[in-house]
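A.B. asks: If it helps, the file is called start_18.txt and holds compact mmCIF, C-alpha atoms:
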```
# COMPACT_ATOMS: atom_id res chain seq x y z
CA MET A 75 203.11 132.92 81.23
CA GLU A 76 206.19 133.58 83.30
CA ILE A 77 206.30 137.20 82.11
CA ILE A 78 202.67 137.93 83.04
CA LEU A 79 203.21 136.32 86.41
CA SER A 80 206.38 138.36 86.97
CA ILE A 81 204.51 141.61 86.26
CA VAL A 82 201.80 140.73 88.79
CA ILE A 83 204.40 139.81 91.43
CA VAL A 84 206.30 143.08 90.82
CA PHE A 85 203.06 144.97 91.50
CA MET A 86 202.62 142.93 94.68
CA ILE A 87 206.14 143.86 95.80
CA LEU A 88 205.45 147.56 95.15
CA GLY A 89 202.22 147.30 97.13
CA ALA A 90 204.07 145.60 99.98
CA ILE A 91 206.74 148.31 100.09
CA TYR A 92 204.09 151.03 100.10
CA ALA A 93 202.19 149.20 102.86
CA LEU A 94 205.28 149.31 105.05
CA TYR A 95 206.02 153.01 104.41
CA ALA A 96 202.53 154.55 104.41
CA LYS A 97 202.00 157.35 106.92
CA ASP A 98 198.35 156.51 107.55
CA LEU A 99 197.60 153.05 108.93
CA LEU A 100 194.35 152.81 106.96
CA SER A 101 196.11 153.31 103.62
CA ALA A 102 198.73 150.79 104.74
CA LEU A 103 195.94 148.23 105.16
CA ILE A 104 194.52 149.03 101.72
CA ALA A 105 198.00 148.58 100.23
CA CYS A 106 198.24 145.23 102.02
CA GLY A 107 195.01 144.40 100.18
CA ILE A 108 196.89 144.95 96.88
CA VAL A 109 199.21 142.10 97.84
CA GLY A 110 196.33 139.82 98.83
CA TYR A 111 194.24 140.41 95.71
CA GLY A 112 197.32 140.18 93.49
CA LEU A 113 197.83 136.76 95.02
CA VAL A 114 194.31 135.84 93.87
CA ILE A 115 195.25 136.73 90.27
CA CYS A 116 198.43 134.65 90.59
CA PHE A 117 196.41 131.66 91.83
CA LEU A 118 194.03 131.99 88.89
CA LEU A 119 196.95 132.11 86.43
CA LEU A 120 198.52 129.09 88.12
CA ARG A 121 195.36 126.97 87.61
CA ALA A 122 194.40 126.85 91.27
CA PRO A 123 190.73 127.97 91.41
CA ASP A 124 190.17 126.45 94.86
CA LEU A 125 192.90 128.63 96.35
CA ALA A 126 191.63 131.70 94.49
CA ILE A 127 188.13 131.38 95.96
CA VAL A 128 189.42 130.85 99.49
CA GLN A 129 191.99 133.65 99.25
CA ILE A 130 189.59 136.29 97.90
CA VAL A 131 187.04 135.66 100.66
CA VAL A 132 189.62 135.36 103.44
CA GLU A 133 191.40 138.53 102.30
CA THR A 134 188.13 140.47 102.38
CA ILE A 135 187.28 139.27 105.89
CA THR A 136 190.81 139.98 107.14
CA LEU A 137 190.61 143.50 105.72
CA VAL A 138 187.28 144.11 107.49
CA ILE A 139 188.71 142.89 110.82
CA MET A 140 191.90 144.96 110.40
CA VAL A 141 189.95 148.11 109.56
CA ALA A 142 187.71 147.51 112.57
CA VAL A 143 190.85 147.38 114.77
CA VAL A 144 192.54 150.44 113.25
CA LEU A 145 189.51 152.71 112.91
CA ASN A 146 189.27 153.63 116.60
CA SER A 147 192.96 154.44 116.99
CA THR A 148 194.85 157.61 116.06
CA ARG A 149 195.88 155.91 112.80
CA GLU A 150 199.25 157.63 112.75
CA GLU A 151 202.51 155.92 112.06
CA LEU A 152 204.84 156.99 114.87
CA LYS A 153 207.88 158.37 113.15
CA GLU A 154 211.40 157.43 114.03
CA LYS A 155 214.04 159.84 112.80
CA ALA A 156 217.12 158.26 111.30
CA VAL A 157 219.34 161.26 112.03
CA VAL A 158 219.34 162.82 115.48
CA LYS A 159 220.81 166.24 116.32
CA VAL A 160 222.39 166.76 119.71
CA ASP A 161 224.22 170.05 120.40
CA GLY A 162 224.40 170.88 116.72
CA VAL A 163 226.17 167.64 115.87
CA SER A 164 224.02 165.24 113.87
CA TYR A 165 224.63 161.54 114.10
CA VAL A 166 222.75 158.45 112.98
CA HIS A 167 220.46 156.93 115.57
CA GLN A 168 221.90 153.83 117.24
CA ARG A 169 218.73 151.79 116.89
CA TYR A 170 218.65 152.56 113.16
CA ILE A 171 222.15 151.12 112.70
CA VAL A 172 221.23 147.99 114.62
CA ASN A 173 218.13 147.56 112.48
CA VAL A 174 220.00 147.86 109.21
CA ILE A 175 222.72 145.43 110.31
CA LEU A 176 220.08 142.95 111.50
CA VAL A 177 218.17 143.10 108.22
CA VAL A 178 221.31 142.73 106.10
CA VAL A 179 222.53 139.75 108.13
CA PHE A 180 219.14 138.02 107.92
CA ALA A 181 218.82 138.73 104.19
CA LEU A 182 222.30 137.39 103.40
CA PHE A 183 221.68 134.32 105.56
CA LEU A 184 218.41 133.53 103.76
CA LEU A 185 219.87 134.38 100.36
CA TYR A 186 222.63 131.83 100.87
CA PHE A 187 220.12 129.05 101.51
CA PHE A 188 217.92 130.26 98.64
CA LYS A 189 220.91 130.09 96.28
CA GLU A 190 221.80 126.59 97.50
CA SER A 191 218.27 125.24 97.22
CA ILE A 192 217.25 126.85 93.93
CA TYR A 193 219.43 124.41 91.99
CA THR A 194 217.51 121.42 93.30
CA LEU A 195 214.19 122.84 92.08
CA ASN A 196 212.92 122.16 88.60
CA HIS A 197 212.52 125.08 86.22
CA PHE A 198 209.23 126.92 86.40
CA GLY A 199 206.54 124.93 84.61
CA GLU A 200 208.53 121.70 84.43
CA HIS A 201 207.43 120.25 87.72
CA VAL A 202 207.80 116.47 88.07
CA THR A 203 204.93 114.97 90.05
CA ARG A 204 206.67 112.30 92.09
CA MET A 205 204.24 111.47 94.86
CA SER A 206 201.31 113.25 93.30
CA THR A 207 201.33 110.89 90.32
CA ALA A 208 199.58 108.32 92.47
CA TYR A 209 197.11 110.94 93.65
CA ILE A 210 196.31 112.13 90.13
CA GLU A 211 195.95 108.63 88.71
CA SER A 212 194.01 106.96 91.51
CA ALA A 213 192.35 109.69 93.57
CA ALA A 214 189.20 109.74 91.45
CA GLU A 215 188.69 105.98 91.69
CA GLN A 216 189.67 105.64 95.35
CA THR A 217 187.75 108.59 96.75
CA GLY A 218 185.05 109.12 94.14
CA SER A 219 185.68 112.87 94.20
CA ALA A 220 185.93 114.71 90.88
CA ASN A 221 187.82 117.58 92.53
CA LEU A 222 191.26 116.12 93.23
CA VAL A 223 192.18 118.83 95.77
CA THR A 224 189.15 117.94 97.89
CA GLY A 225 189.99 114.26 97.53
CA VAL A 226 193.54 114.81 98.77
CA LEU A 227 192.39 117.17 101.51
CA PHE A 228 189.69 115.01 103.10
CA ASP A 229 190.81 111.48 102.30
CA PHE A 230 194.55 111.04 101.82
CA ARG A 231 195.47 113.88 104.14
CA GLY A 232 192.57 113.97 106.57
CA TYR A 233 194.85 114.55 109.53
CA ASP A 234 195.92 117.89 108.02
CA THR A 235 192.33 119.03 107.93
CA LEU A 236 191.68 117.81 111.46
CA GLY A 237 194.71 119.75 112.72
CA GLU A 238 193.62 122.85 110.81
CA ALA A 239 190.14 122.70 112.33
CA THR A 240 191.67 122.29 115.78
CA ILE A 241 193.94 125.31 115.30
CA LEU A 242 191.01 127.44 114.13
CA PHE A 243 188.97 126.33 117.15
CA THR A 244 191.84 127.11 119.53
CA ALA A 245 192.40 130.53 117.95
CA VAL A 246 188.73 131.43 118.39
CA ILE A 247 188.83 130.38 122.05
CA GLY A 248 191.96 132.50 122.53
CA ILE A 249 190.34 135.53 120.88
CA LEU A 250 187.24 135.19 123.04
CA THR A 251 189.47 135.00 126.12
CA ILE A 252 191.57 138.03 125.15
CA LEU A 253 188.65 140.24 124.17
CA ARG A 254 186.40 139.45 127.12
CA ALA A 255 185.79 142.74 128.88
CA LYS A 256 184.21 141.55 132.11
CA ALA A 257 184.31 138.30 134.03
CA LYS A 258 181.38 135.97 133.50
CA LYS A 259 178.76 135.72 136.19
CA MET B 225 213.44 130.99 87.51
CA ILE B 226 212.81 134.74 87.78
CA VAL B 227 209.46 134.17 89.51
CA TYR B 228 211.13 132.23 92.33
CA LEU B 229 213.51 135.15 92.87
CA LEU B 230 210.65 137.69 92.87
CA CYS B 231 208.75 135.53 95.35
CA PHE B 232 211.84 135.51 97.58
CA ILE B 233 212.10 139.30 97.32
CA LEU B 234 208.48 139.55 98.47
CA PHE B 235 209.40 137.41 101.48
CA LEU B 236 212.35 139.69 102.24
CA VAL B 237 210.11 142.78 102.11
CA GLY B 238 207.85 141.22 104.72
CA LEU B 239 210.85 140.24 106.85
CA PHE B 240 212.18 143.80 106.62
CA GLY B 241 208.86 145.10 107.92
CA VAL B 242 208.76 142.67 110.83
CA LEU B 243 212.35 143.44 111.88
CA THR B 244 212.41 147.23 111.57
CA LYS B 245 208.90 148.59 112.11
CA ARG B 246 207.88 149.67 115.60
CA ASN B 247 204.14 149.71 114.99
CA VAL B 248 202.13 146.61 115.94
CA ILE B 249 199.82 146.94 112.93
CA LYS B 250 202.82 147.25 110.58
CA ILE B 251 204.28 144.09 112.12
CA VAL B 252 201.03 142.25 111.44
CA ILE B 253 201.11 143.51 107.84
CA GLY B 254 204.70 142.29 107.45
CA LEU B 255 203.80 138.87 108.81
CA SER B 256 200.88 138.53 106.40
CA ILE B 257 203.11 139.56 103.47
CA MET B 258 205.52 136.78 104.43
CA GLU B 259 202.59 134.36 104.54
CA PHE B 260 201.44 135.46 101.09
CA SER B 261 204.88 134.87 99.61
CA ILE B 262 204.97 131.35 101.04
CA PHE B 263 201.53 130.55 99.58
CA LEU B 264 202.68 131.88 96.22
CA PHE B 265 205.84 129.80 96.35
CA PHE B 266 203.89 126.59 96.97
CA ALA B 267 201.53 127.34 94.09
CA LEU B 268 204.51 128.15 91.81
CA ILE B 269 206.19 124.82 92.58
CA GLY B 270 203.12 122.81 91.61
CA TYR B 271 202.54 124.49 88.26
CA ILE B 272 202.99 122.51 85.04
CA ASP B 273 203.05 124.10 81.60
CA GLU B 274 199.68 123.72 79.84
CA GLY B 275 198.39 121.73 82.77
CA LEU B 276 194.72 121.81 83.71
CA ALA B 277 193.16 122.64 87.04
CA PRO B 278 192.95 119.35 89.00
CA ILE B 279 189.26 118.69 88.41
CA ILE B 280 188.10 115.70 86.43
CA VAL B 281 185.53 116.45 83.73
CA GLN B 282 184.09 113.69 81.57
CA ASN B 283 184.61 115.31 78.16
CA ILE B 284 188.31 116.09 78.59
CA SER B 285 190.59 113.10 78.01
CA SER B 286 193.90 114.82 78.82
CA THR B 287 195.45 113.66 82.09
CA LYS B 288 197.98 116.46 82.39
CA PHE B 289 196.95 118.11 85.64
CA VAL B 290 198.60 120.66 87.90
CA ASP B 291 199.96 119.09 91.09
CA PRO B 292 197.07 118.96 93.61
CA LEU B 293 199.24 118.30 96.69
CA PRO B 294 200.72 121.81 97.23
CA GLN B 295 197.28 123.29 96.62
CA ALA B 296 195.75 121.14 99.35
CA MET B 297 198.51 122.21 101.74
CA VAL B 298 198.09 125.92 100.95
CA LEU B 299 194.32 125.63 101.38
CA THR B 300 194.75 124.70 105.05
CA ALA B 301 197.55 127.23 105.51
CA ILE B 302 195.39 130.15 104.31
CA VAL B 303 192.73 129.51 106.96
CA ILE B 304 195.38 129.03 109.66
CA GLY B 305 196.94 132.33 108.58
CA LEU B 306 193.58 134.05 109.03
CA ALA B 307 193.24 132.57 112.53
CA THR B 308 196.71 133.67 113.65
CA ASN B 309 196.28 137.13 112.12
CA SER B 310 193.01 137.60 113.97
CA MET B 311 194.66 136.52 117.22
CA LEU B 312 197.49 139.06 116.71
CA LEU B 313 194.95 141.80 115.98
CA ALA B 314 192.99 140.93 119.14
CA ILE B 315 196.19 141.29 121.17
CA ALA B 316 196.92 144.58 119.37
CA ILE B 317 193.53 146.09 120.14
CA ARG B 318 193.90 145.02 123.76
CA LEU B 319 197.34 146.68 123.96
CA TYR B 320 195.92 149.85 122.44
CA LYS B 321 193.23 149.95 125.11
CA LYS B 322 195.79 149.58 127.91
CA TYR B 323 198.66 151.80 126.68
CA ASN B 324 196.81 154.07 124.20
CA THR B 325 199.45 153.50 121.53
CA PHE B 326 200.51 150.95 118.91
CA ASP B 327 204.20 151.77 119.44
CA ILE B 328 205.99 148.76 120.92
CA ARG B 329 208.89 150.85 122.29
CA LYS B 330 206.52 152.67 124.64
CA ILE B 331 204.80 149.42 125.55
CA ASN B 332 208.23 148.03 126.44
CA SER B 333 209.24 151.00 128.55
CA LEU B 334 206.12 151.16 130.66
CA LYS B 335 206.61 147.70 132.22
CA GLY B 336 203.06 146.72 133.16
CA MET C 285 177.44 150.03 116.03
CA ASN C 286 174.87 152.03 114.07
CA GLY C 287 173.45 150.97 110.76
CA MET C 288 174.24 152.57 107.40
CA THR C 289 172.06 154.55 104.98
CA PRO C 290 168.74 153.17 103.62
CA ILE C 291 170.37 152.53 100.21
CA VAL C 292 172.95 150.20 101.72
CA LYS C 293 170.28 148.53 103.83
CA LYS C 294 168.01 147.86 100.84
CA VAL C 295 170.82 146.51 98.65
CA THR C 296 171.98 144.29 101.51
CA GLN C 297 168.45 143.01 101.97
CA LEU C 298 168.32 142.07 98.30
CA ILE C 299 171.69 140.33 97.93
CA VAL C 300 172.46 138.80 101.32
CA GLY C 301 170.25 135.79 100.69
CA LEU C 302 171.93 135.15 97.36
CA ILE C 303 175.38 135.31 98.98
CA PHE C 304 174.27 132.85 101.65
CA LEU C 305 172.85 130.45 99.05
CA TYR C 306 176.06 130.72 97.02
CA GLY C 307 178.04 129.71 100.09
CA ILE C 308 175.78 126.69 100.60
CA TYR C 309 176.21 125.79 96.91
CA ILE C 310 180.02 125.96 97.18
CA ILE C 311 179.96 123.74 100.28
CA THR C 312 177.66 121.05 98.86
CA HIS C 313 179.38 120.94 95.45
CA GLY C 314 182.86 120.89 97.00
CA HIS C 315 183.70 117.45 95.56
CA LEU C 316 182.63 118.37 92.01
CA THR C 317 183.64 121.99 91.39
CA PRO C 318 186.32 124.31 92.83
CA GLY C 319 185.59 125.21 96.40
CA GLY C 320 184.69 123.14 99.40
CA GLY C 321 184.20 123.55 103.09
CA PHE C 322 186.78 126.27 103.62
CA ALA C 323 185.69 128.56 100.78
CA GLY C 324 181.96 128.04 101.29
CA GLY C 325 182.18 128.52 105.04
CA ALA C 326 184.03 131.79 104.54
CA VAL C 327 181.37 132.98 102.06
CA VAL C 328 178.58 132.13 104.54
CA ALA C 329 180.42 133.99 107.29
CA GLY C 330 180.83 136.91 104.89
CA SER C 331 177.07 137.11 104.35
CA PHE C 332 176.47 137.37 108.11
CA ILE C 333 179.24 139.97 108.45
CA LEU C 334 177.65 142.03 105.67
CA LEU C 335 174.32 141.90 107.52
CA VAL C 336 175.89 143.12 110.77
CA LEU C 337 177.87 145.87 109.02
CA ALA C 338 174.87 147.22 107.11
CA TYR C 339 172.18 147.07 109.77
CA GLY C 340 174.26 147.61 112.90
CA SER C 341 174.63 145.11 115.68
CA ASP C 342 171.04 145.42 116.90
CA ILE C 343 169.55 143.53 113.97
CA LEU C 344 170.63 140.10 115.19
CA LYS C 345 169.31 140.76 118.72
CA LEU C 346 172.83 140.29 120.01
CA LYS C 347 172.28 141.28 123.63
CA LYS C 348 176.04 141.52 124.01
CA ARG C 349 176.96 137.88 123.73
CA GLU C 350 178.53 135.52 121.21
CA GLU C 351 177.65 132.15 122.76
CA GLY C 352 175.36 131.14 119.89
CA SER C 353 177.95 131.15 117.12
CA SER C 354 180.55 129.69 119.47
CA VAL C 355 178.29 126.73 120.21
CA VAL C 356 177.66 126.21 116.49
CA GLU C 357 181.42 126.22 115.91
CA SER C 358 181.94 123.57 118.57
CA LEU C 359 179.15 121.54 116.96
CA GLY C 360 180.89 121.74 113.59
CA ILE C 361 184.22 120.41 114.82
CA PHE C 362 182.40 117.79 116.92
CA LEU C 363 180.56 116.57 113.83
CA PHE C 364 183.88 116.34 111.96
CA ILE C 365 185.49 114.25 114.71
CA VAL C 366 182.43 112.00 115.03
CA LEU C 367 182.50 111.34 111.27
CA ALA C 368 186.21 110.51 111.47
CA PHE C 369 185.79 108.24 114.49
CA ALA C 370 182.85 106.42 112.93
CA ALA C 371 185.35 105.00 110.42
CA ILE C 372 186.97 103.02 113.26
CA PHE C 373 183.76 101.07 113.85
CA ILE C 374 182.43 100.76 110.29
CA GLY C 375 183.95 99.04 107.29
CA THR C 376 187.73 98.79 107.12
CA LYS C 377 188.22 100.01 110.70
CA VAL C 378 190.81 102.67 109.88
CA PHE C 379 190.67 106.25 111.19
CA PHE C 380 189.53 108.64 108.42
CA ALA C 381 188.58 105.79 106.09
CA ASN C 382 185.90 106.41 103.48
CA TYR C 383 183.20 103.95 104.56
CA LEU C 384 180.20 105.02 102.49
CA PRO C 385 179.65 103.80 98.90
CA LYS C 386 181.54 105.90 96.33
CA GLY C 387 178.86 106.24 93.66
CA VAL C 388 179.45 107.58 90.15
CA ILE C 389 182.11 110.26 89.71
CA GLY C 390 180.55 113.59 88.85
CA GLU C 391 177.15 113.12 90.51
CA LEU C 392 176.05 115.17 93.51
CA ILE C 393 175.51 112.15 95.78
CA SER C 394 178.90 110.48 95.42
CA ALA C 395 182.38 110.33 96.97
CA GLY C 396 181.28 108.65 100.20
CA VAL C 397 181.81 110.75 103.31
CA ILE C 398 183.64 113.63 101.62
CA PRO C 399 180.48 115.79 101.22
CA LEU C 400 179.68 115.22 104.89
CA TYR C 401 183.22 116.28 105.86
CA ASN C 402 182.77 119.34 103.65
CA ILE C 403 179.55 120.28 105.42
CA ALA C 404 181.12 119.82 108.88
CA VAL C 405 184.17 121.92 107.98
CA GLY C 406 181.95 124.53 106.35
CA ILE C 407 179.88 124.91 109.54
CA GLU C 408 183.06 125.13 111.60
CA VAL C 409 184.81 127.75 109.45
CA ALA C 410 181.67 129.90 109.04
CA ALA C 411 180.94 129.92 112.76
CA ALA C 412 184.61 130.53 113.65
CA LEU C 413 184.99 133.58 111.37
CA PHE C 414 181.66 135.02 112.47
CA THR C 415 182.59 134.49 116.13
CA ILE C 416 185.86 136.38 115.64
CA PHE C 417 184.02 139.29 114.03
CA LEU C 418 181.30 139.27 116.69
CA ALA C 419 183.83 139.26 119.52
CA LEU C 420 185.48 142.37 118.02
CA VAL C 421 182.13 144.15 117.59
CA ILE C 422 181.02 143.38 121.14
CA TYR C 423 184.40 144.41 122.53
CA LYS C 424 184.26 147.74 120.72
CA GLU C 425 180.73 148.39 121.95
CA GLU C 426 181.43 147.51 125.54
CA VAL C 427 184.89 148.93 126.07
CA LEU C 428 185.51 151.75 123.64
CA LYS C 429 182.18 153.50 124.13
```
Could you render the structure as structure tokens?

C.D. replies:
Amino acid sequence: MEIILSIVIVFMILGAIYALYAKDLLSALIACGIVGYGLVICFLLLRAPDLAIVQIVVETITLVIMVAVVLNSTREELKEKAVVKVDGVSYVHQRYIVNVILVVVFALFLLYFFKESIYTLNHFGEHVTRMSTAYIESAAEQTGSANLVTGVLFDFRGYDTLGEATILFTAVIGILTILRAKAKK
Amino acid sequence: MIVYLLCFILFLVGLFGVLTKRNVIKIVIGLSIMEFSIFLFFALIGYIDEGLAPIIVQNISSTKFVDPLPQAMVLTAIVIGLATNSMLLAIAIRLYKKYNTFDIRKINSLKG
Amino acid sequence: MNGMTPIVKKVTQLIVGLIFLYGIYIITHGHLTPGGGFAGGAVVAGSFILLVLAYGSDILKLKKREEGSSVVESLGIFLFIVLAFAAIFIGTKVFFANYLPKGVIGELISAGVIPLYNIAVGIEVAAALFTIFLALVIYKEEVLK
């Protein structure tokens, strides 16, 4: 189980790296789709069919919107040379050095906290359901819903769903405001 | 434990893209990769060996289910991620119309 | 936006109804099978997006506006809030309480208000995604042409 999952995640990482280094923006978006659809396979392997359905549809719609944005542009990745030549002397670009230092500092910072927190997690597949034990045992009787995820989502944690709906509503209003070409009469 | 580490590497790849790329579309791609890794991490935490999907069926008597709580959280997070991504893309297409480029260095230098 | 070739149009005509019905099925069976308001709403929005992509933006008689889907989206979230607030006045008088009878687990009419919440969220998500897509299409037609 863990081995199959690791293989899928390695493919996702390769897709992500290609998405960041592709010359054409359209192929970068397709490579981003590798990551999204790989995530669908991971969700199916992890026994989360609800998430798999949502992710496969959302990924498709996101891809359509992204392609619609990119298709009218020049689609070229603007290159930034790492080594610059001035008067025959080549030296590394200053911005490139700053970037590398920034990434290394951030990665080490996050790695430290990852190393500290990984000990407190259970091993993969040996999760202990502390709070969810009550959900699993009593959700069916208390909510009457056979799908426990839906029961948790709309009954025990209804405020989450309300906040999510509000954020979606606000985002749509923002998009309509940004993309409005002319003022309304 | 190797899957947690791979998930973290996926997060770092997205972070690398956000910090170093100068193209708005590439930044959006990096942000969505970071989102994906977080979703995956939540789903990995809730997994139990030989657990069933958290749906009650009459014929099955086993009560060993996968944790439904992280799944419910990720379900809302996926839709929120779509909303924020769409908002970023709307801003990007607007910037392209005004400056005729996706390069944020040029957008910076023009100053309005 | 122009439409695509007759092959794409015919295939779309054949399958778009099935996709729409599948979305409705996922929404209404959200408390029994995997899925629910989010997934079903996204599938319904996907069927409309497929229609616009295949036939071009003239098929829905757009007339360069997206008010219709925006109003439907507002209606969806309004329905959700009304259902949640109704719990204050009915039954146990707690916000988000489940005030309808639970029924038998596993039947279609069961689980109290959860199917109604599912339908409200499904309407909201479907209309929101379609509005986003429509805003992009209208923007590209008005500005970039």

A.B. asks: For chain A against chain B, with a cut-off of 6 Å and counting only C-alpha atoms, what is the closest atom pair and its distance in Å to one decimal for every residue that makes the cut, ordered by chain and number, as JSON lines?

C.D. replies:
```
{"residue": "A:Ser80", "atom": "CA", "partner": "B:Val227", "partner_atom": "CA", "distance": 5.8}
{"residue": "A:Ile87", "atom": "CA", "partner": "B:Leu234", "partner_atom": "CA", "distance": 5.6}
{"residue": "A:Arg121", "atom": "CA", "partner": "B:Ala277", "partner_atom": "CA", "distance": 4.9}
{"residue": "A:Asn173", "atom": "CA", "partner": "B:Thr244", "partner_atom": "CA", "distance": 5.8}
{"residue": "A:Phe198", "atom": "CA", "partner": "B:Met225", "partner_atom": "CA", "distance": 6.0}
{"residue": "A:Gly199", "atom": "CA", "partner": "B:Ile272", "partner_atom": "CA", "distance": 4.3}
{"residue": "A:Glu200", "atom": "CA", "partner": "B:Ile272", "partner_atom": "CA", "distance": 5.6}
{"residue": "A:His201", "atom": "CA", "partner": "B:Ile272", "partner_atom": "CA", "distance": 5.7}
{"residue": "A:Ala220", "atom": "CA", "partner": "B:Ile280", "partner_atom": "CA", "distance": 5.0}
{"residue": "A:Asn221", "atom": "CA", "partner": "B:Ile279", "partner_atom": "CA", "distance": 4.5}
{"residue": "A:Leu222", "atom": "CA", "partner": "B:Pro278", "partner_atom": "CA", "distance": 5.6}
{"residue": "A:Val223", "atom": "CA", "partner": "B:Pro292", "partner_atom": "CA", "distance": 5.3}
{"residue": "A:Leu227", "atom": "CA", "partner": "B:Ala296", "partner_atom": "CA", "distance": 5.6}
{"residue": "A:Leu242", "atom": "CA", "partner": "B:Ala307", "partner_atom": "CA", "distance": 5.8}
{"residue": "A:Ala245", "atom": "CA", "partner": "B:Ala307", "partner_atom": "CA", "distance": 5.9}
{"residue": "A:Ile249", "atom": "CA", "partner": "B:Met311", "partner_atom": "CA", "distance": 5.7}
```

A.B. asks: How would the residues just picked look written out with C-alpha atoms as a compact mmCIF listing (two decimals), in the frame of the given file?

C.D. replies:
```txt
# COMPACT_ATOMS: atom_id res chain seq x y z
CA SER A 80 206.38 138.36 86.97
CA ILE A 87 206.14 143.86 95.80
CA ARG A 121 195.36 126.97 87.61
CA ASN A 173 218.13 147.56 112.48
CA PHE A 198 209.23 126.92 86.40
CA GLY A 199 206.54 124.93 84.61
CA GLU A 200 208.53 121.70 84.43
CA HIS A 201 207.43 120.25 87.72
CA ALA A 220 185.93 114.71 90.88
CA ASN A 221 187.82 117.58 92.53
CA LEU A 222 191.26 116.12 93.23
CA VAL A 223 192.18 118.83 95.77
CA LEU A 227 192.39 117.17 101.51
CA LEU A 242 191.01 127.44 114.13
CA ALA A 245 192.40 130.53 117.95
CA ILE A 249 190.34 135.53 120.88
```

A.B. asks: Would you work out the distance separating atom CA of Asn402 of chain C from atom CA of Ala370 of chain C, expressed in Å to one decimal?

C.D. replies: 15.9 Å

A.B. asks: Could you please determine the separation between atom CA of Leu145 of chain A and atom CA of Val292 of chain C in Å, to one decimal place?

C.D. replies: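 Between atom CA of Leu145 of chain A and atom CA of Val292 of chain C the gap is 20.1 Å.
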
A.B. asks: Each residue of chain C with at least one atom at most 9 Å from chain A should appear once, together with its nearest atom pair and the corresponding distance in Å (one decimal); atoms considered: all atoms listed in the file; ordering: chain, then increasing residue number; output as a tab-separated table.

C.D. replies:
```
residue	atom	partner	partner_atom	distance
C:Gly314	CA	A:Thr224	CA	7.0
C:His315	CA	A:Asn221	CA	5.1
C:Leu316	CA	A:Ala220	CA	5.1
C:Thr317	CA	A:Asn221	CA	6.2
C:Pro318	CA	A:Asp124	CA	4.9
C:Gly319	CA	A:Asp124	CA	5.0
C:Gly320	CA	A:Thr224	CA	7.0
C:Phe322	CA	A:Val128	CA	6.7
C:Ala323	CA	A:Val128	CA	4.6
C:Gly324	CA	A:Val128	CA	8.2
C:Ala326	CA	A:Val131	CA	6.3
C:Val327	CA	A:Val131	CA	6.4
C:Ala329	CA	A:Ile135	CA	8.8
C:Gly330	CA	A:Ile135	CA	6.9
C:Ile333	CA	A:Ile135	CA	8.5
C:Glu350	CA	A:Leu250	CA	8.9
C:Ser354	CA	A:Val246	CA	8.4
C:Glu357	CA	A:Phe243	CA	7.7
C:Ser358	CA	A:Phe243	CA	7.7
C:Ile361	CA	A:Ala239	CA	6.8
C:Phe364	CA	A:Leu236	CA	8.0
C:Ile365	CA	A:Leu236	CA	7.8
C:Ala368	CA	A:Gly232	CA	8.7
C:Phe380	CA	A:Gly232	CA	6.4
C:Ala381	CA	A:Asp229	CA	7.2
C:Asn382	CA	A:Asp229	CA	7.2
C:Pro385	CA	A:Gly218	CA	9.0
C:Lys386	CA	A:Gly218	CA	5.2
C:Gly387	CA	A:Gly218	CA	6.8
C:Val388	CA	A:Gly218	CA	7.0
C:Ile389	CA	A:Gly218	CA	5.4
C:Gly390	CA	A:Ala220	CA	5.9
C:Glu391	CA	A:Ala220	CA	8.9
C:Ser394	CA	A:Gly218	CA	6.4
C:Ala395	CA	A:Gly218	CA	4.1
C:Gly396	CA	A:Gly218	CA	7.2
C:Val397	CA	A:Phe228	CA	9.0
C:Ile398	CA	A:Phe228	CA	6.4
C:Tyr401	CA	A:Phe228	CA	7.1
C:Asn402	CA	A:Phe228	CA	8.2
C:Val405	CA	A:Ala239	CA	7.4
C:Glu408	CA	A:Ala239	CA	7.5
C:Val409	CA	A:Leu242	CA	7.8
C:Ala412	CA	A:Val246	CA	6.3
C:Leu413	CA	A:Ile135	CA	8.2
C:Thr415	CA	A:Val246	CA	7.2
C:Ile416	CA	A:Val246	CA	6.3
C:Phe417	CA	A:Ile139	CA	6.7
C:Ala419	CA	A:Leu250	CA	6.4
C:Leu420	CA	A:Leu253	CA	7.2
C:Val421	CA	A:Ala142	CA	8.2
C:Ile422	CA	A:Leu253	CA	8.8
C:Tyr423	CA	A:Leu253	CA	6.2
C:Lys424	CA	A:Asn146	CA	8.8
C:Glu426	CA	A:Ala255	CA	7.3
C:Val427	CA	A:Ala255	CA	6.9
C:Leu428	CA	A:Asn146	CA	8.2
```

A.B. asks: Counting all atoms listed in the file, figure out which residue out of C:Phe379, C:Gly325, C:Leu298, C:Ile303 gets nearest to chain B.

C.D. replies: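 Ranking C:Phe379, C:Gly325, C:Leu298, C:Ile303 by distance to chain B, first place goes to C:Gly325.
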
A.B. asks: Could you check how far atom CA of Leu182 of chain A sits from atom CA of Ala96 of chain A, in Å to one decimal?

C.D. replies: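 Calculated distance between atom CA of Leu182 of chain A and atom CA of Ala96 of chain A is 26.2 Å.
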
A.B. asks: Taking into account only C-alpha atoms, which residue in the set C:Gly321, C:Val378, C:Pro399, C:Ile310 is nearest to chain B?

C.D. replies: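 Nearest candidate to chain B out of C:Gly321, C:Val378, C:Pro399, C:Ile310: C:Gly321.
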
A.B. asks: Could you check which of C:Val356, C:Leu334, C:Ile393, C:Ala410 is closest to chain B, using all atoms listed in the file?

C.D. replies: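 Counting all atoms listed in the file, the residue closest to chain B is C:Ala410.
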